[in-house]
file query16.txt (compact mmCIF, C-alpha atoms and all ligand atoms)
# COMPACT_ATOMS: atom_id res chain seq x y z
CA MET A 1 9.86 6.54 -4.61
CA ILE A 2 7.95 9.84 -4.57
CA ALA A 3 4.54 8.38 -5.49
CA SER A 4 4.69 5.71 -2.77
CA ARG A 5 5.95 8.10 -0.11
CA VAL A 6 3.17 10.58 -0.92
CA PHE A 7 0.60 7.77 -0.90
CA VAL A 8 1.65 6.41 2.50
CA GLN A 9 2.03 9.82 4.15
CA THR A 10 -1.21 11.17 2.69
CA VAL A 11 -3.15 8.16 4.00
CA HIS A 12 -1.54 8.48 7.44
CA HIS A 13 -2.03 12.23 7.59
CA PHE A 14 -5.73 12.22 6.74
CA PHE A 15 -6.77 8.82 8.11
CA PRO A 16 -4.56 7.78 11.05
CA GLN A 17 -7.33 5.41 12.21
CA LEU A 18 -7.78 3.71 8.84
CA ASN A 19 -6.58 0.23 9.84
CA THR A 20 -8.89 0.23 12.85
CA TRP A 21 -11.79 1.29 10.63
CA LEU A 22 -10.93 -1.50 8.17
CA ASP A 23 -11.04 -4.09 10.99
CA ARG A 24 -14.70 -3.26 11.54
CA LEU A 25 -15.79 -3.89 7.95
CA PRO A 26 -17.13 -7.47 8.14
CA ASP A 27 -20.75 -8.17 8.72
CA THR A 28 -20.67 -9.74 12.19
CA ARG A 29 -23.69 -11.90 11.35
CA VAL A 30 -21.42 -13.95 9.11
CA GLN A 31 -19.64 -16.39 11.41
CA GLU A 32 -17.27 -18.18 9.05
CA ALA A 33 -13.74 -16.81 9.38
CA CYS A 34 -11.25 -15.74 6.70
CA THR A 35 -7.67 -16.98 6.84
CA TYR A 36 -6.29 -13.46 6.42
CA PRO A 37 -6.88 -10.53 8.76
CA THR A 38 -9.64 -8.19 7.66
CA ARG A 39 -7.49 -5.07 7.35
CA PHE A 40 -5.03 -6.92 5.11
CA LEU A 41 -7.75 -8.10 2.73
CA ALA A 42 -9.36 -4.65 2.75
CA TRP A 43 -6.03 -3.16 1.61
CA TRP A 44 -5.73 -5.92 -0.99
CA GLY A 45 -9.13 -4.80 -2.34
CA LEU A 46 -8.39 -1.06 -2.16
CA LEU A 47 -5.13 -1.57 -4.08
CA LEU A 48 -7.04 -3.21 -6.94
CA TYR A 49 -8.42 0.28 -7.62
CA VAL A 50 -5.67 2.53 -6.25
CA LEU A 51 -3.24 0.81 -8.64
CA GLN A 52 -5.91 0.82 -11.35
CA PHE A 53 -5.56 -2.81 -12.40
CA GLY A 54 -8.81 -2.91 -14.39
CA SER A 55 -9.77 -6.43 -13.37
CA ARG A 56 -9.59 -8.65 -10.31
CA ARG A 57 -7.36 -11.28 -12.03
CA GLN A 58 -4.62 -8.66 -12.35
CA LEU A 59 -4.08 -8.83 -8.58
CA ASP A 60 -2.54 -12.28 -9.04
CA PHE A 61 -0.12 -11.09 -11.75
CA GLN A 62 0.80 -7.61 -10.55
CA LEU A 63 1.09 -8.36 -6.85
CA ASN A 64 2.77 -11.76 -7.25
CA THR A 65 5.85 -13.17 -5.55
CA ASP A 66 8.06 -11.85 -8.40
CA GLY A 67 7.71 -8.55 -6.62
CA PRO A 68 9.96 -9.24 -3.61
CA GLN A 69 8.63 -6.23 -1.65
CA VAL A 70 4.90 -6.75 -2.21
CA LEU A 71 4.30 -8.67 0.98
CA PRO A 72 6.62 -6.65 3.29
CA ASN A 73 5.11 -3.36 2.01
CA LEU A 74 1.55 -4.64 2.40
CA ASN A 75 2.41 -5.77 5.93
CA ARG A 76 3.61 -2.24 6.66
CA LEU A 77 0.43 -0.70 5.30
CA ALA A 78 -1.87 -3.03 7.21
CA GLN A 79 0.41 -3.36 10.28
CA THR A 80 0.31 -7.14 9.94
CA GLN A 81 2.94 -9.88 9.81
CA LEU A 82 1.73 -12.26 7.16
CA ALA A 83 3.99 -14.80 5.49
CA THR A 84 1.85 -15.43 2.39
CA ARG A 85 -0.23 -13.35 -0.01
CA PRO A 86 -3.88 -13.93 -0.85
CA VAL A 87 -5.11 -14.43 -4.45
CA HIS A 88 -7.95 -12.62 -6.17
CA ASP A 89 -10.47 -15.30 -5.19
CA THR A 90 -9.56 -14.65 -1.55
CA LEU A 91 -10.71 -11.07 -2.05
CA ASP A 92 -13.98 -12.20 -3.58
CA HIS A 93 -14.49 -14.61 -0.69
CA PHE A 94 -13.68 -11.87 1.84
CA LEU A 95 -16.14 -9.45 0.27
CA ARG A 96 -18.85 -12.05 0.89
CA HIS A 97 -18.21 -11.41 4.61
CA THR A 98 -18.79 -7.70 4.21
CA ASP A 99 -21.92 -5.96 3.03
CA CYS A 100 -22.53 -2.50 1.58
CA LYS A 101 -23.21 -1.11 5.06
CA GLY A 102 -19.67 -1.70 6.28
CA TRP A 103 -18.13 0.02 3.28
CA GLU A 104 -20.64 2.87 3.43
CA LYS A 105 -19.70 3.42 7.04
CA LEU A 106 -16.00 3.48 6.14
CA ARG A 107 -16.67 6.08 3.43
CA THR A 108 -18.61 8.22 5.92
CA GLN A 109 -15.77 8.01 8.46
CA MET A 110 -13.31 9.17 5.82
CA VAL A 111 -15.48 12.03 4.54
CA GLN A 112 -16.37 13.18 8.08
CA ARG A 113 -12.69 13.26 8.94
CA LEU A 114 -11.84 15.39 5.86
CA ILE A 115 -14.68 17.76 6.77
CA ARG A 116 -13.48 18.07 10.37
CA MET A 117 -9.95 18.80 9.15
CA LYS A 118 -11.42 21.55 6.93
CA ALA A 119 -9.38 20.09 4.06
CA LEU A 120 -12.16 20.74 1.56
CA ASP A 121 -13.30 24.15 2.81
CA PRO A 122 -11.83 26.29 -0.01
CA ALA A 123 -14.49 24.79 -2.33
CA ARG A 124 -17.41 25.96 -0.16
CA LEU A 125 -20.02 28.21 -1.73
CA LEU A 126 -21.08 31.11 0.53
CA GLY A 127 -19.77 29.01 3.41
CA ARG A 128 -21.75 25.91 2.46
CA PRO A 129 -20.39 22.60 1.14
CA VAL A 130 -21.41 21.83 -2.45
CA LEU A 131 -22.82 18.42 -3.39
CA LEU A 132 -22.98 17.40 -7.03
CA LEU A 133 -25.70 14.92 -8.02
CA ASP A 134 -25.04 12.76 -11.04
CA ALA A 135 -26.32 9.46 -12.37
CA THR A 136 -24.66 7.00 -14.70
CA GLY A 137 -25.05 3.51 -16.14
CA LEU A 138 -22.79 0.94 -14.49
CA ILE A 139 -23.32 -2.53 -15.89
CA CYS A 140 -25.33 -4.02 -18.72
CA PHE A 141 -26.36 -7.65 -19.35
CA HIS A 142 -28.14 -9.44 -22.18
CA ARG A 143 -30.11 -11.57 -19.73
CA ARG A 144 -31.72 -10.69 -16.43
CA HIS A 145 -29.12 -10.92 -13.69
CA CYS A 146 -31.23 -9.95 -10.67
CA PRO A 147 -34.80 -8.94 -9.83
CA HIS A 148 -33.82 -5.25 -9.67
CA CYS A 149 -32.40 -4.71 -13.18
CA LEU A 150 -33.76 -1.80 -15.19
CA THR A 151 -34.86 -3.04 -18.61
CA GLN A 152 -34.47 -1.35 -21.97
CA ARG A 153 -35.87 -2.61 -25.29
CA HIS A 154 -33.69 -2.31 -28.39
CA GLY A 155 -35.62 -3.74 -31.35
CA ASN A 156 -36.32 -7.36 -30.38
CA LYS A 157 -33.58 -7.43 -27.74
CA THR A 158 -33.91 -6.48 -24.07
CA LEU A 159 -30.99 -5.10 -22.11
CA TYR A 160 -30.75 -5.42 -18.31
CA LEU A 161 -29.03 -2.47 -16.73
CA HIS A 162 -27.90 -1.01 -13.44
CA HIS A 163 -27.62 2.70 -12.81
CA VAL A 164 -26.45 4.64 -9.79
CA LEU A 165 -27.06 8.15 -8.49
CA GLU A 166 -24.00 9.62 -6.78
CA ALA A 167 -23.77 12.51 -4.35
CA LYS A 168 -20.25 13.88 -4.71
CA LEU A 169 -18.74 16.41 -2.39
CA LEU A 170 -16.90 19.14 -4.24
CA GLY A 171 -13.40 19.84 -2.98
CA PRO A 172 -10.71 22.28 -4.13
CA ALA A 173 -8.34 21.49 -7.02
CA GLY A 174 -11.06 19.63 -8.92
CA ILE A 175 -11.52 16.97 -6.23
CA VAL A 176 -14.94 15.25 -6.18
CA LEU A 177 -15.41 12.75 -3.37
CA SER A 178 -18.14 10.15 -3.29
CA LEU A 179 -20.27 10.97 -0.25
CA ASP A 180 -23.22 8.62 -0.79
CA SER A 181 -24.60 6.40 -3.55
CA GLU A 182 -28.14 5.30 -4.37
CA PHE A 183 -28.71 2.47 -6.81
CA ILE A 184 -31.52 3.11 -9.28
CA GLU A 185 -33.64 -0.03 -9.48
CA ASN A 186 -36.62 -1.23 -11.44
CA ALA A 187 -39.19 -0.08 -8.87
CA ASP A 188 -38.16 3.44 -9.91
CA ALA A 189 -39.07 2.80 -13.55
CA GLN A 190 -42.51 1.30 -13.02
CA ALA A 191 -45.48 2.44 -15.11
CA ALA A 192 -43.01 3.19 -17.88
CA ALA A 193 -45.39 2.05 -20.64
CA GLY A 194 -46.18 4.79 -23.14
CA ARG A 195 -43.76 7.28 -21.62
CA SER A 196 -40.70 8.68 -23.32
CA ALA A 197 -37.25 7.44 -22.30
CA ASP A 198 -36.49 10.94 -21.00
CA ALA A 199 -39.56 11.02 -18.77
CA VAL A 200 -38.70 7.60 -17.32
CA LYS A 201 -35.09 8.66 -16.70
CA GLN A 202 -36.27 11.80 -14.92
CA ASP A 203 -38.68 9.84 -12.80
CA CYS A 204 -36.02 7.28 -11.87
CA GLU A 205 -33.43 9.83 -10.87
CA LEU A 206 -35.85 11.96 -8.87
CA LYS A 207 -37.12 8.91 -6.99
CA ALA A 208 -33.57 7.83 -6.21
CA ALA A 209 -32.77 11.40 -5.07
CA ALA A 210 -35.80 11.33 -2.77
CA ARG A 211 -34.24 8.30 -0.98
CA LEU A 212 -30.67 9.56 -1.12
CA LEU A 213 -30.97 13.14 0.15
CA PRO A 214 -32.90 12.55 3.41
CA ARG A 215 -30.38 9.78 4.24
CA ILE A 216 -27.49 12.24 3.73
CA LYS A 217 -29.28 14.71 6.01
CA LYS A 218 -29.34 12.03 8.73
CA THR A 219 -25.64 11.20 8.30
CA TYR A 220 -24.52 14.83 8.10
CA PRO A 221 -27.09 16.78 10.17
CA GLN A 222 -24.57 19.57 10.89
CA LEU A 223 -24.02 20.50 7.23
CA SER A 224 -26.16 22.78 5.14
CA PHE A 225 -25.42 21.61 1.59
CA VAL A 226 -25.90 23.38 -1.72
CA LEU A 227 -26.89 20.84 -4.39
CA SER A 228 -25.44 21.48 -7.81
CA VAL A 229 -27.61 19.67 -10.37
CA ASP A 230 -28.47 19.53 -14.06
CA ASN A 231 -31.66 20.66 -15.76
CA LEU A 232 -33.46 17.39 -15.05
CA TYR A 233 -33.87 18.60 -11.44
CA CYS A 234 -35.46 21.92 -12.50
CA CYS A 235 -38.91 21.05 -11.11
CA GLY A 236 -41.14 21.62 -8.08
CA THR A 237 -40.60 18.07 -6.78
CA PHE A 238 -36.89 18.75 -6.36
CA PHE A 239 -37.29 22.33 -5.05
CA ALA A 240 -39.71 21.04 -2.39
CA LEU A 241 -37.40 18.15 -1.44
CA VAL A 242 -34.44 20.49 -0.96
CA GLY A 243 -36.59 23.04 0.92
CA ASP A 244 -37.77 20.34 3.36
CA LEU A 245 -34.14 19.52 4.16
CA ASN A 246 -33.34 23.20 4.68
CA TRP A 247 -30.61 23.03 2.06
CA SER A 248 -30.14 25.04 -1.12
CA PHE A 249 -29.55 24.33 -4.81
CA VAL A 250 -28.04 25.63 -8.03
CA VAL A 251 -29.77 24.04 -11.03
CA THR A 252 -29.05 24.49 -14.75
CA PHE A 253 -31.79 26.70 -16.25
CA LYS A 254 -32.98 26.02 -19.81
CA GLU A 255 -36.08 26.89 -21.74
CA GLY A 256 -37.42 23.36 -22.43
CA ARG A 257 -38.23 22.07 -18.95
CA THR A 258 -39.85 25.26 -17.58
CA PRO A 259 -40.91 27.41 -20.59
CA ALA A 260 -43.13 29.88 -18.69
CA LEU A 261 -40.39 30.57 -16.16
CA TRP A 262 -37.89 31.06 -18.95
CA ARG A 263 -40.19 33.61 -20.65
CA GLU A 264 -40.57 35.51 -17.38
CA TYR A 265 -36.79 35.52 -16.98
CA GLN A 266 -36.20 36.84 -20.50
CA ALA A 267 -38.81 39.57 -19.95
CA LEU A 268 -37.37 40.73 -16.59
CA LEU A 269 -33.67 40.77 -17.45
CA PRO A 270 -33.69 43.86 -19.75
CA GLN A 271 -35.55 45.82 -17.04
CA CYS A 272 -32.53 45.75 -14.72
CA PRO A 273 -29.44 46.69 -16.78
CA GLU A 274 -27.67 47.75 -13.58
CA ASN A 275 -27.50 44.09 -12.42
CA VAL A 276 -24.29 43.25 -14.20
CA VAL A 277 -20.75 42.27 -13.22
CA LYS A 278 -17.98 42.13 -15.83
CA ARG A 279 -14.74 40.27 -15.31
CA LEU A 280 -11.73 40.32 -17.61
CA TRP A 281 -9.14 37.61 -16.97
CA GLY A 282 -5.40 37.73 -17.65
CA ASP A 283 -5.73 34.99 -20.27
CA GLY A 284 -8.12 37.12 -22.35
CA ARG A 285 -11.30 35.46 -21.10
CA GLU A 286 -14.21 37.83 -20.54
CA GLN A 287 -17.19 36.96 -18.35
CA ILE A 288 -20.41 38.93 -18.00
CA PHE A 289 -22.79 38.00 -15.18
CA ARG A 290 -26.41 39.23 -15.07
CA TRP A 291 -29.38 38.59 -12.82
CA PRO A 292 -33.02 39.74 -12.60
CA PRO A 293 -35.09 40.20 -9.42
CA GLN A 294 -36.70 37.10 -7.85
CA LEU A 295 -38.91 34.94 -10.05
CA ASP A 296 -42.19 33.33 -9.03
CA TYR A 297 -42.68 29.74 -10.08
CA GLN A 298 -45.76 27.54 -9.78
CA ASP A 299 -45.22 23.86 -10.60
CA SER A 300 -47.72 21.45 -12.19
CA GLU A 301 -49.05 20.50 -8.75
CA GLY A 302 -49.83 24.11 -7.85
CA ARG A 303 -46.93 24.56 -5.39
CA ASP A 304 -45.50 28.09 -5.29
CA PHE A 305 -41.78 28.85 -5.13
CA THR A 306 -39.65 31.97 -5.42
CA VAL A 307 -36.28 31.40 -7.07
CA ASN A 308 -33.32 33.50 -8.13
CA ALA A 309 -31.84 33.34 -11.61
CA LEU A 310 -28.39 34.24 -12.92
CA GLU A 311 -26.44 33.88 -16.14
CA CYS A 312 -22.86 33.99 -17.35
CA THR A 313 -21.72 34.80 -20.87
CA GLU A 314 -18.12 33.83 -21.38
CA THR A 315 -16.11 34.92 -24.41
CA VAL A 316 -12.72 33.42 -25.15
CA LYS A 317 -10.77 34.98 -28.01
CA GLU A 318 -10.70 32.75 -31.10
CA LYS A 319 -12.93 30.20 -29.35
CA GLY A 320 -16.21 32.07 -29.30
CA THR A 321 -18.91 32.66 -26.72
CA GLN A 322 -20.61 30.29 -24.31
CA TYR A 323 -23.79 30.99 -22.39
CA PHE A 324 -24.89 29.47 -19.07
CA ALA A 325 -27.92 30.12 -16.84
CA TRP A 326 -28.95 28.77 -13.45
CA LEU A 327 -31.74 28.94 -10.90
CA THR A 328 -30.89 28.98 -7.21
CA ALA A 329 -32.38 29.47 -3.79
CA LEU A 330 -29.21 31.34 -2.71
CA PRO A 331 -29.28 35.16 -2.60
CA VAL A 332 -28.01 36.51 -5.94
CA GLY A 333 -26.44 39.97 -6.04
CA ARG A 334 -23.29 41.87 -6.94
CA LYS A 335 -21.29 40.18 -4.17
CA THR A 336 -22.45 36.60 -4.74
CA VAL A 337 -23.21 36.17 -8.43
CA GLU A 338 -19.71 35.12 -9.53
CA GLU A 339 -19.20 32.68 -6.68
CA ILE A 340 -22.57 31.02 -7.32
CA ALA A 341 -21.84 30.71 -11.04
CA GLU A 342 -18.34 29.29 -10.56
CA LYS A 343 -18.66 27.04 -7.53
CA GLY A 344 -22.33 26.13 -7.78
CA GLY A 345 -22.90 26.13 -11.53
CA ARG A 346 -19.79 25.37 -13.49
CA SER A 347 -18.43 22.94 -10.91
CA ARG A 348 -20.92 20.44 -12.37
CA TRP A 349 -18.57 19.95 -15.29
CA LYS A 350 -16.06 18.57 -12.88
CA VAL A 351 -18.21 15.67 -11.83
CA GLU A 352 -18.45 14.75 -15.50
CA ASN A 353 -14.77 15.10 -16.26
CA GLU A 354 -13.19 14.09 -12.96
CA GLY A 355 -15.89 11.73 -11.79
CA PHE A 356 -17.55 9.04 -13.89
CA ASN A 357 -15.55 9.77 -17.06
CA ARG A 358 -12.31 9.20 -15.28
CA GLN A 359 -13.69 6.15 -13.48
CA LYS A 360 -14.84 4.61 -16.77
CA ASN A 361 -11.90 5.55 -18.98
CA SER A 362 -8.99 4.49 -16.78
CA GLY A 363 -7.72 1.44 -14.98
CA LEU A 364 -10.51 1.99 -12.43
CA ASN A 365 -12.69 0.41 -15.14
CA LEU A 366 -16.04 1.31 -13.55
CA GLU A 367 -18.10 -0.57 -16.16
CA HIS A 368 -16.16 -3.80 -15.75
CA VAL A 369 -18.19 -6.54 -14.09
CA TYR A 370 -15.99 -7.19 -11.04
CA SER A 371 -18.61 -9.62 -9.77
CA THR A 372 -21.71 -11.14 -11.37
CA ASP A 373 -23.20 -11.81 -7.96
CA PRO A 374 -26.52 -9.90 -7.80
CA GLU A 375 -25.52 -8.12 -4.59
CA LYS A 376 -21.73 -8.26 -4.37
CA TRP A 377 -21.04 -6.04 -7.41
CA LYS A 378 -22.34 -3.15 -5.30
CA VAL A 379 -19.60 -3.81 -2.74
CA TYR A 380 -17.01 -3.60 -5.55
CA TYR A 381 -18.62 -0.32 -6.65
CA LEU A 382 -18.21 1.14 -3.14
CA LEU A 383 -14.66 -0.18 -2.89
CA LEU A 384 -13.86 1.68 -6.12
CA GLN A 385 -15.39 4.92 -4.82
CA ILE A 386 -13.43 4.69 -1.55
CA ALA A 387 -10.16 3.90 -3.33
CA PHE A 388 -10.79 6.86 -5.64
CA VAL A 389 -10.89 9.15 -2.59
CA LEU A 390 -7.34 7.99 -1.77
CA VAL A 391 -6.26 8.35 -5.41
CA GLN A 392 -7.47 11.96 -5.61
CA LEU A 393 -5.88 12.95 -2.30
CA LEU A 394 -2.60 11.48 -3.57
CA GLU A 395 -2.76 13.24 -6.95
CA ARG A 396 -4.10 16.65 -5.90
CA GLY A 397 -2.33 17.30 -2.62
CA SER A 398 0.49 19.76 -2.04
CA LEU A 399 2.80 16.97 -0.83
CA LEU A 400 3.19 15.51 -4.34
CA ARG A 401 3.93 18.95 -5.76
CA ARG A 402 6.42 19.73 -3.00
CA LEU A 403 8.39 16.49 -3.44
CA ALA A 404 8.38 16.89 -7.23
CA ALA A 405 9.74 20.43 -6.77
CA GLU A 406 12.54 19.07 -4.57
CA TRP A 407 13.37 16.93 -7.60
CA GLY A 408 13.43 20.13 -9.65
CA GLN A 409 10.23 19.39 -11.61
CA ASN A 410 6.49 19.92 -11.51
CA VAL A 411 4.11 16.97 -11.28
CA GLY A 412 3.43 16.98 -15.03
CA GLN A 413 7.12 16.94 -15.90
CA LEU A 414 7.87 14.21 -13.40
CA PHE A 415 5.03 11.80 -14.19
CA GLY A 416 3.60 12.84 -17.56
CA SER A 417 0.15 11.45 -16.77
CA LEU A 418 -2.04 10.33 -13.88
CA LYS A 419 -1.76 6.78 -15.16
CA ASN A 420 1.99 6.96 -14.66
CA ILE A 421 1.55 7.96 -11.00
CA ALA A 422 -0.30 4.68 -10.42
CA GLN A 423 2.36 2.84 -12.43
CA ARG A 424 5.19 4.31 -10.30
CA LEU A 425 3.30 3.42 -7.15
CA LEU A 426 3.03 -0.18 -8.34
CA GLU A 427 6.74 -0.41 -9.24
CA SER A 428 7.64 0.92 -5.83
CA LEU A 429 5.26 -1.48 -4.07
CA ARG A 430 6.85 -4.41 -5.93
CA TYR A 431 10.53 -3.60 -5.72
CA LEU A 432 11.34 -1.02 -3.05
CA SER A 433 11.29 -1.39 0.68
CA TRP A 434 9.03 1.37 1.99
CA GLU A 435 10.70 3.40 4.72
CA GLY A 436 9.59 3.11 8.32
CA GLU A 437 9.48 6.85 8.93
CA TRP A 438 6.74 7.34 6.29
CA PHE A 439 4.50 5.37 8.63
CA ASP A 440 5.35 7.41 11.72
CA PRO A 441 2.04 8.77 13.09
CA ALA A 442 3.72 11.76 14.81
CA GLN A 443 5.28 12.90 11.52
CA ALA A 444 2.03 12.37 9.62
CA ARG A 445 0.15 14.49 12.17
CA LYS A 446 2.59 17.40 11.91
CA MET A 447 2.51 17.44 8.12
CA ARG A 448 0.59 20.10 6.19
CA ILE A 449 -1.17 18.92 3.03
CA THR A 450 -3.39 21.41 1.19
CA PHE A 451 -5.30 21.31 -2.08
CA ASP A 452 -4.64 24.45 -4.05
CA THR A 453 -6.88 25.46 -6.87
CA SER A 454 -3.99 27.05 -8.73
ZN ZN A 501 -29.66 -6.80 -11.97

call {"tool": "encode", "arguments": {"input": "query16.txt", "output": "C-alpha cells"}}
result
Amino acid sequence: MIASRVFVQTVHHFFPQLNTWLDRLPDTRVQEACTYPTRFLAWWGLLLYVLQFGSRRQLDFQLNTDGPQVLPNLNRLAQTQLATRPVHDTLDHFLRHTDCKGWEKLRTQMVQRLIRMKALDPARLLGRPVLLLDATGLICFHRRHCPHCLTQRHGNKTLYLHHVLEAKLLGPAGIVLSLDSEFIENADAQAAAGRSADAVKQDCELKAAARLLPRIKKTYPQLSFVLSVDNLYCCGTFFALVGDLNWSFVVTFKEGRTPALWREYQALLPQCPENVVKRLWGDGREQIFRWPPQLDYQDSEGRDFTVNALECTETVKEKGTQYFAWLTALPVGRKTVEEIAEKGGRSRWKVENEGFNRQKNSGLNLEHVYSTDPEKWKVYYLLLQIAFVLVQLLERGSLLRRLAAEWGQNVGQLFGSLKNIAQRLLESLRYLSWEGEWFDPAQARKMRITFDTS
C-alpha cells in the first residue's frame, strides 16, 4: 500500500495540474478521434514505464481484467469513468495522434513546476542549476529503417543506428531529470569518410549540442545553467557556444584532447602550493583539491579563452587513489573549489549510473524497439523520460522514507530493491482499492516532500 500511496500523493503534490496537461497532448491537426479520453490513454502509456513492463505487450497481461482494481484505480488517477480498458494497440494508435512536441511541452511543464517549487535547489552549484550532457545509442537495425539513421560499417555488414543527446537537470539525492533531448541524425555525421570513429562521434555530439543548447535557453531564459560535460566537449567550439548563451561549464580535463593546455597546467600548479584544500571524511576518505591561476587557451581556429582549472585527488584506505581534473569558467578558489568538484565534476557519474544505465538495465528497457515507425519511436522515448521523472520522485522523496519509518523500517529493508517498488505498485494497482483521500488536492498541497542527499 505504501508504494501506491507515495506514488499518488507525490504526483498530486508536485503536479496538481497533470490531468489537464495530459488533455492537451494530441496534435490538433489530427482530426480522427480516439475512443478513450486522452488523459486516460496518456496514463496508460506512462504506466508502461512507471511499472517497468519492458514491452508494450505486457500492458495487456499485467493490466488485464484479472486485476479487479485496475480500471477503478486508473479511473481515479485520470479522473475518468470508463467501463472498459484499452489494449496495447490502443496506446500505439493514440500515440499516432500525438507528436513529439506535445510530450516535450508536458516535460517542460513538469520541470518548470519543480524549478518553481525549488524542489531541486539543494543540487545547485554556486546558485546555478547544473545540466549534465550525455549521449547514448538507442536502437540498432540491420537494415535502414528511416532516412535519418546513422550508419556504421562492421566488416561487410552495415548497422543503422539512432543516438540521442540528453540534457539532464541534476537534482539532490542523485536525481537526474530529462530536461530536453536532441536526436543525433545522419546529417551530423556527414563527410565521415577517412575520419576516425572518435572524430565523427565528437562532431555529431557537438552539432547536436549546438541545436540543443540554444533551444534550452529559449525555453528557460531565466536560468543560468552550468553544463557538466565529459572531455569530448573540451574544445573552443563548446566554450564559445556556452559563452554566447551566458552560461558556464565544468568539463573533464585530460591531456589527450588539449595537450598544450595540459602542459601549461602541469607547469603552473607547483608554483602555487598555497592553493590547496584538504578534507578528511569520517569514513576515512581523504580528498586534496588544488588549483592554479587562470589559464590562457587558444583553440585551432585562433579563438582566445581564459579558463580555470582544478583537481581532486581522493584516497580511500585499501582502495587506492583516484585523480580527477576539470576546466571551468566558474571562479575557482578556496571557497568554491570543493563545490565545483563535487556538484559540477563528479555529478557526471550520476548521469551514467542513474541515467542511461538504469534506463537500459531495468524494466524501462530503453533499447527495446517500442515502435518500428520511423517517427513514433521518438514519442515512446519521450514517454519513457517523462515516466522516469515520476519514478525518481517516487523513489527519492522523503514521503517514501517517512512511511517506511512508520512501518519501522528504512526503504531498503522494506523493499529490498528499486525493482520491488515498481512490483509493489503494480500489485496494489491490480488488487487494492486506492483511497480517496490520497487524491485530495488540499492534502497534497499541504504536504512537504524533500529530497535529502543523506
Ligand atoms: Zn532510422

call {"tool": "closest_atom_pairs", "arguments": {"input": "query16.txt", "of": "chain A", "to": "ligand ZN 501 (chain A)", "cutoff": "8 Å", "atoms": "all atoms listed in the file", "output": "tab-separated table"}}
result
residue	atom	partner	partner_atom	distance
A:Arg144	CA	A:ZN501	ZN	6.3
A:His145	CA	A:ZN501	ZN	4.5
A:Cys146	CA	A:ZN501	ZN	3.8
A:Pro147	CA	A:ZN501	ZN	6.0
A:His148	CA	A:ZN501	ZN	5.0
A:Cys149	CA	A:ZN501	ZN	3.7
A:Leu150	CA	A:ZN501	ZN	7.2
A:Tyr160	CA	A:ZN501	ZN	6.6
A:Leu161	CA	A:ZN501	ZN	6.5
A:His162	CA	A:ZN501	ZN	6.2
A:Pro374	CA	A:ZN501	ZN	6.1

call {"tool": "residues_around", "arguments": {"input": "query16.txt", "residues": "Ser371 (chain A)", "least_positions_apart": "5", "cutoff": "9 Å", "atoms": "all atoms listed in the file", "output": "list in words"}}
result
Asp92, Lys376, Trp377, Lys378 and Tyr380 of chain A

call {"tool": "write_last_selection", "arguments": {"input": "query16.txt", "atoms": "C-alpha atoms", "output": "short mmCIF file (atom, residue, chain, number, x, y, z; two decimals), keeping the file's coordinate frame"}}
result
data_model
loop_
_atom_site.label_atom_id
_atom_site.label_comp_id
_atom_site.auth_asym_id
_atom_site.auth_seq_id
_atom_site.Cartn_x
_atom_site.Cartn_y
_atom_site.Cartn_z
CA ASP A 92 -13.98 -12.20 -3.58
CA LYS A 376 -21.73 -8.26 -4.37
CA TRP A 377 -21.04 -6.04 -7.41
CA LYS A 378 -22.34 -3.15 -5.30
CA TYR A 380 -17.01 -3.60 -5.55
#

call {"tool": "residues_around", "arguments": {"input": "query16.txt", "residues": "Phe15 (chain A)", "least_positions_apart": "3", "cutoff": "8 Å", "atoms": "only C-alpha atoms", "output": "list in words"}}
result
Val11, His12, Leu18, Met110 and Arg113 of chain A

call {"tool": "closest_residue", "arguments": {"input": "query16.txt", "among": "A:Thr313, A:Thr258, A:Thr372, A:Ser4", "to": "Ser428 (chain A)", "atoms": "all atoms listed in the file"}}
result
A:Ser4

call {"tool": "residues_around", "arguments": {"input": "query16.txt", "residues": "region 96-98 of chain A", "least_positions_apart": "3", "cutoff": "6 Å", "atoms": "only C-alpha atoms", "output": "number ranges by chain"}}
result
A: 26-27, 93

call {"tool": "atom_distance", "arguments": {"input": "query16.txt", "atom1": "CA of Arg358 (chain A)", "atom2": "CA of Leu382 (chain A)"}}
result
15.7 Å

call {"tool": "closest_residue", "arguments": {"input": "query16.txt", "among": "A:Phe225, A:Phe183, A:Phe53, A:Tyr323", "to": "Tyr381 (chain A)", "atoms": "all atoms listed in the file"}}
result
A:Phe183

call {"tool": "residues_around", "arguments": {"input": "query16.txt", "residues": "Val70 (chain A)", "least_positions_apart": "2", "cutoff": "9 Å", "atoms": "only C-alpha atoms", "output": "ChimeraX atom specification"}}
result
/A:63-68,72-75,85,428-433

call {"tool": "closest_residue", "arguments": {"input": "query16.txt", "among": "A:Leu165, A:Ala422, A:Leu227, A:Leu138", "to": "Ala209 (chain A)", "atoms": "only C-alpha atoms"}}
result
A:Leu165

call {"tool": "residues_near_point", "arguments": {"input": "query16.txt", "point": "(-31.8, 41.7, -17.2)", "cutoff": "12 Å", "atoms": "only C-alpha atoms", "output": "ChimeraX atom specification"}}
result
/A:264-277,288-294,309-312

call {"tool": "closest_atom_pairs", "arguments": {"input": "query16.txt", "of": "region 195-225 of chain A", "to": "region 177-182 of chain A", "cutoff": "8 Å", "atoms": "only C-alpha atoms", "output": "tab-separated table"}}
result
residue	atom	partner	partner_atom	distance
A:Ala208	CA	A:Glu182	CA	6.3
A:Ala209	CA	A:Glu182	CA	7.7
A:Arg211	CA	A:Glu182	CA	7.6
A:Leu212	CA	A:Glu182	CA	5.9
A:Ile216	CA	A:Asp180	CA	7.2

call {"tool": "atom_distance", "arguments": {"input": "query16.txt", "atom1": "CA of Ala404 (chain A)", "atom2": "CA of Glu435 (chain A)"}}
result
18.2 Å

call {"tool": "closest_residue", "arguments": {"input": "query16.txt", "among": "A:Val242, A:Leu51, A:Leu77, A:Leu126", "to": "Val337 (chain A)", "atoms": "only C-alpha atoms"}}
result
A:Leu126

call {"tool": "atom_distance", "arguments": {"input": "query16.txt", "atom1": "CA of Thr80 (chain A)", "atom2": "CA of Arg448 (chain A)"}}
result
27.5 Å

call {"tool": "residues_around", "arguments": {"input": "query16.txt", "residues": "Pro259 (chain A)", "least_positions_apart": "4", "cutoff": "12 Å", "atoms": "only C-alpha atoms", "output": "list in words"}}
result
Cys234, Cys235, Phe253, Lys254, Glu255, Arg263, Glu264, Tyr265, Gln266, Tyr297, Gln298 and Asp299 of chain A
